[in-house]
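Here is the file input10.txt (compact mmCIF, C-alpha atoms).
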# COMPACT_ATOMS: atom_id res chain seq x y z
CA LYS A 1 103.72 125.32 118.83
CA LEU A 2 100.97 127.71 117.81
CA SER A 3 101.42 130.79 115.68
CA ARG A 4 98.89 133.37 114.55
CA THR A 5 99.11 135.32 111.33
CA SER A 6 96.76 138.03 110.15
CA SER A 7 95.93 139.00 106.60
CA THR A 8 93.46 141.38 105.01
CA THR A 9 91.20 139.89 102.37
CA SER A 10 88.44 141.99 100.76
CA GLY A 11 88.63 144.52 103.55
CA ARG A 12 88.08 141.86 106.21
CA LEU A 13 90.62 140.73 108.67
CA SER A 14 91.06 136.96 108.74
CA GLU A 15 93.21 135.04 111.09
CA GLN A 16 94.96 131.84 110.27
CA LEU A 17 96.13 129.49 112.91
CA SER A 18 99.00 127.22 112.14
CA PHE A 19 100.48 124.69 114.47
CA ASP A 20 102.34 121.44 114.55
CA ALA A 21 99.32 119.18 113.96
CA SER A 22 101.00 115.91 114.82
CA GLU A 23 101.88 117.02 118.35
CA ALA A 24 98.47 118.61 118.98
CA VAL A 25 96.60 115.57 117.68
CA LYS A 26 98.80 113.21 119.67
CA HIS A 27 98.12 115.20 122.82
CA LEU A 28 94.35 115.09 122.20
CA LEU A 29 94.22 111.39 121.35
CA THR A 30 96.46 109.96 124.02
CA PHE A 31 95.89 109.52 127.68
CA ASP A 32 99.50 110.04 128.70
CA GLU A 33 98.57 112.52 131.41
CA ALA A 34 95.69 110.43 132.81
CA PRO A 35 96.05 106.77 131.78
CA GLU A 36 93.32 105.72 134.23
CA LEU A 37 90.78 107.35 131.90
CA LEU A 38 91.55 105.00 129.02
CA ARG A 39 89.04 102.18 129.37
CA GLY A 40 87.93 99.55 126.93
CA SER A 41 85.46 96.69 126.64
CA SER A 42 86.11 93.33 125.09
CA LEU A 43 84.29 92.33 121.95
CA LYS A 44 82.59 89.46 123.78
CA HIS A 45 80.94 91.96 126.14
CA ILE A 46 79.84 94.20 123.30
CA LEU A 47 78.39 91.37 121.20
CA ARG A 48 76.76 89.55 124.14
CA ARG A 49 73.03 88.93 123.71
CA ARG A 50 73.10 90.19 120.12
CA ALA A 51 74.73 93.51 121.12
CA GLN A 52 72.15 94.26 123.79
CA ILE A 53 74.39 97.04 125.11
CA PHE A 54 73.26 99.14 122.10
CA ASP A 55 69.60 98.99 123.14
CA HIS A 56 69.74 102.16 125.21
CA SER A 57 71.87 105.27 124.93
CA GLY A 58 72.18 105.78 128.67
CA GLY A 59 75.08 104.24 130.51
CA ASP A 60 75.07 103.16 134.12
CA SER A 61 77.30 101.31 136.56
CA SER A 62 76.54 97.96 134.92
CA THR A 63 77.74 99.11 131.48
CA TYR A 64 80.73 100.89 133.05
CA SER A 65 81.68 97.68 134.85
CA LEU A 66 81.97 95.93 131.47
CA SER A 67 84.99 98.11 130.70
CA GLN A 68 88.39 98.05 132.31
CA GLN A 69 91.51 100.17 132.28
CA VAL A 70 93.67 99.25 129.28
CA PRO A 71 97.08 100.40 128.02
CA HIS A 72 95.76 100.88 124.46
CA LEU A 73 92.72 100.25 122.29
CA ASP A 74 92.95 97.74 119.46
CA VAL A 75 89.74 98.95 117.82
CA PHE A 76 87.58 101.98 118.40
CA PHE A 77 84.12 102.22 116.98
CA SER A 78 81.30 104.62 117.40
CA HIS A 79 77.70 104.00 116.50
CA ASN A 80 74.54 105.74 115.43
CA TRP A 81 71.57 105.58 117.82
CA SER A 82 69.07 105.87 114.96
CA CYS A 83 70.30 102.59 113.47
CA ARG A 84 68.63 99.42 114.74
CA ARG A 85 70.60 97.24 117.13
CA VAL A 86 70.32 94.18 114.89
CA HIS A 87 72.04 96.06 112.05
CA LYS A 88 74.91 97.06 114.33
CA PHE A 89 75.22 93.48 115.55
CA LEU A 90 75.25 92.03 112.03
CA CYS A 91 77.87 94.53 110.87
CA LEU A 92 80.11 93.75 113.85
CA ILE A 93 79.91 89.97 113.53
CA LEU A 94 80.51 90.22 109.80
CA HIS A 95 83.50 92.51 110.30
CA PHE A 96 85.13 90.54 113.11
CA ASN A 97 84.18 86.99 112.07
CA LEU A 98 84.12 86.89 108.26
CA TYR A 99 87.64 85.56 107.70
CA PRO A 100 87.62 83.01 110.54
CA ALA A 101 84.18 81.77 109.45
CA PHE A 102 85.26 81.55 105.81
CA THR A 103 88.46 79.71 106.75
CA ALA A 104 86.60 77.24 108.98
CA THR A 105 83.98 76.59 106.30
CA LEU A 106 86.62 76.07 103.62
CA ALA A 107 88.57 73.69 105.86
CA TYR A 108 85.38 71.74 106.62
CA LEU A 109 84.54 71.44 102.92
CA VAL A 110 88.05 70.29 101.99
CA ILE A 111 88.06 67.67 104.77
CA LEU A 112 84.59 66.46 103.77
CA ALA A 113 85.65 66.22 100.10
CA ILE A 114 88.78 64.22 101.02
CA LEU A 115 86.80 61.89 103.26
CA THR A 116 84.20 61.40 100.51
CA MET A 117 86.83 60.66 97.85
CA ASN A 118 88.38 58.04 100.14
CA GLU A 119 84.92 56.57 100.88
CA LEU A 120 85.24 57.27 104.59
CA VAL A 121 81.86 58.97 104.81
CA PRO A 122 78.56 57.59 103.53
CA THR A 123 77.55 58.32 99.95
CA ILE A 124 74.11 58.57 98.43
CA ASP A 125 73.06 56.43 95.48
CA THR A 126 70.77 58.35 93.20
CA PRO A 127 68.85 56.81 90.28
CA ASP A 128 69.84 59.54 87.82
CA LYS A 129 73.62 59.09 88.32
CA ASP A 130 75.84 56.11 87.56
CA TYR A 131 78.04 56.81 90.55
CA PRO A 132 77.37 57.46 94.23
CA ALA A 133 77.33 61.09 95.27
CA GLY A 134 78.91 62.34 98.46
CA VAL A 135 76.88 64.37 100.88
CA LEU A 136 78.63 67.54 99.71
CA GLY A 137 78.01 66.80 96.02
CA TYR A 138 74.43 65.67 96.58
CA PHE A 139 73.32 68.81 98.38
CA GLY A 140 75.30 71.02 96.03
CA THR A 141 73.42 69.76 92.96
CA THR A 142 69.83 69.54 94.20
As structure tokens, the full file:
Amino acid sequence: KLSRTSSTTSGRLSEQLSFDASEAVKHLLTFDEAPELLRGSSLKHILRRRAQIFDHSGGDSSTYSLSQQVPHLDVFFSHNWSCRRVHKFLCLILHFNLYPAFTATLAYLVILAILTMNELVPTIDTPDKDYPAGVLGYFGTT
């Protein structure tokens, strides 16, 4: 639904366009009329070889073949060609892997601490301490 209203401001004629934005935006952002045009690439293809796909701005059949027709996109990102590829790669791996990496590291540290407390992993005797230090505690204090 599009309507046009005219008003005179300072002797100049200005036109204002008003429309139902939600319907217009939905029409522009969906591929309901041509679903075969909605294609996406998996994150593993984008991050492969340290995001090598961002080396060149030109696409060809090999980059097109990395995408496939999808019903929807989970994530859409655009990028700046003036930014170095390594910066894009680091931002993407930080964004998509920070929480899993943090969780895995925390789980590893908790398991290592429990194993050390139960003397199931070797400890290190140091001359400046009266007690043996676990691997985690030894490297954390040196």
Enumerate, as a PDB file with C-alpha atoms, in the frame of the given file, the protein, DNA and RNA residues whose atoms approach (72.3, 92.4, 113.9) to within 12 Å, taking into account all atoms listed in the file and the coordinate frame of the file.
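The resulting out_10.pdb:
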ATOM      1  CA  LEU A  47      78.390  91.370 121.200  1.00  0.00           C
ATOM      2  CA  ARG A  48      76.760  89.550 124.140  1.00  0.00           C
ATOM      3  CA  ARG A  49      73.030  88.930 123.710  1.00  0.00           C
ATOM      4  CA  ARG A  50      73.100  90.190 120.120  1.00  0.00           C
ATOM      5  CA  ALA A  51      74.730  93.510 121.120  1.00  0.00           C
ATOM      6  CA  GLN A  52      72.150  94.260 123.790  1.00  0.00           C
ATOM      7  CA  PHE A  54      73.260  99.140 122.100  1.00  0.00           C
ATOM      8  CA  ASP A  55      69.600  98.990 123.140  1.00  0.00           C
ATOM      9  CA  CYS A  83      70.300 102.590 113.470  1.00  0.00           C
ATOM     10  CA  ARG A  84      68.630  99.420 114.740  1.00  0.00           C
ATOM     11  CA  ARG A  85      70.600  97.240 117.130  1.00  0.00           C
ATOM     12  CA  VAL A  86      70.320  94.180 114.890  1.00  0.00           C
ATOM     13  CA  HIS A  87      72.040  96.060 112.050  1.00  0.00           C
ATOM     14  CA  LYS A  88      74.910  97.060 114.330  1.00  0.00           C
ATOM     15  CA  PHE A  89      75.220  93.480 115.550  1.00  0.00           C
ATOM     16  CA  LEU A  90      75.250  92.030 112.030  1.00  0.00           C
ATOM     17  CA  CYS A  91      77.870  94.530 110.870  1.00  0.00           C
ATOM     18  CA  LEU A  92      80.110  93.750 113.850  1.00  0.00           C
ATOM     19  CA  ILE A  93      79.910  89.970 113.530  1.00  0.00           C
ATOM     20  CA  LEU A  94      80.510  90.220 109.800  1.00  0.00           C
ATOM     21  CA  HIS A  95      83.500  92.510 110.300  1.00  0.00           C
TER      22      HIS A  95
END
Handout entry: CA of Leu98 in chain A to CA of Leu112 in chain A, distance in Å rounded to a single decimal
Key =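 One can read the CA of Leu98 in chain A to CA of Leu112 in chain A distance as 20.9 Å.
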Exercise for the section: In Å, rounded to a single decimal, give me how far CA of Asp60 in chain A is from CA of Phe76 in chain A. Expected result: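 Spanning CA of Phe76 in chain A to CA of Asp60 in chain A is a straight-line distance of 20.1 Å.
Nearest to Lys44 in chain A of all the residues A:Ala133, A:Leu109, A:Leu29, A:Leu66 is A:Leu66, counting only C-alpha atoms.
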Let me have the centre and edge lengths in Å, one decimal, of the box along x, y and z around every listed atom of range 80-87 of chain A with 3 Å of margin on each side, as lines of an AutoDock Vina configuration file.
center_x = 71.6
center_y = 100.0
center_z = 114.9
size_x = 11.9
size_y = 17.7
size_z = 11.8
Exercise for the section: Please indicate the distance in Å from CA of Ala107 in chain A to CA of Thr126 in chain A, rounded to one decimal place. Expected result: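 Going from CA of Ala107 in chain A over to CA of Thr126 in chain A, I get 26.7 Å.
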Problem - Spatial neighbours of range 32-40 of chain A, 8 Å, all atoms listed in the file, chain gap at least 3 places, as a list in words - result: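 Result of the neighbour search: His27, Ser67, Gln68, Gln69, Val70, Pro71, His72 and Leu73 of chain A.
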Exercise for the section: For each of A:Ser22, A:Ser41, A:Thr30, A:Thr105, take the minimum atom-to-atom distance to Thr63 in chain A, counting all atoms listed in the file, then give the residue where this is smallest. Expected result: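 When distances to Thr63 in chain A are compared using all atoms listed in the file, the smallest one comes from A:Ser41.
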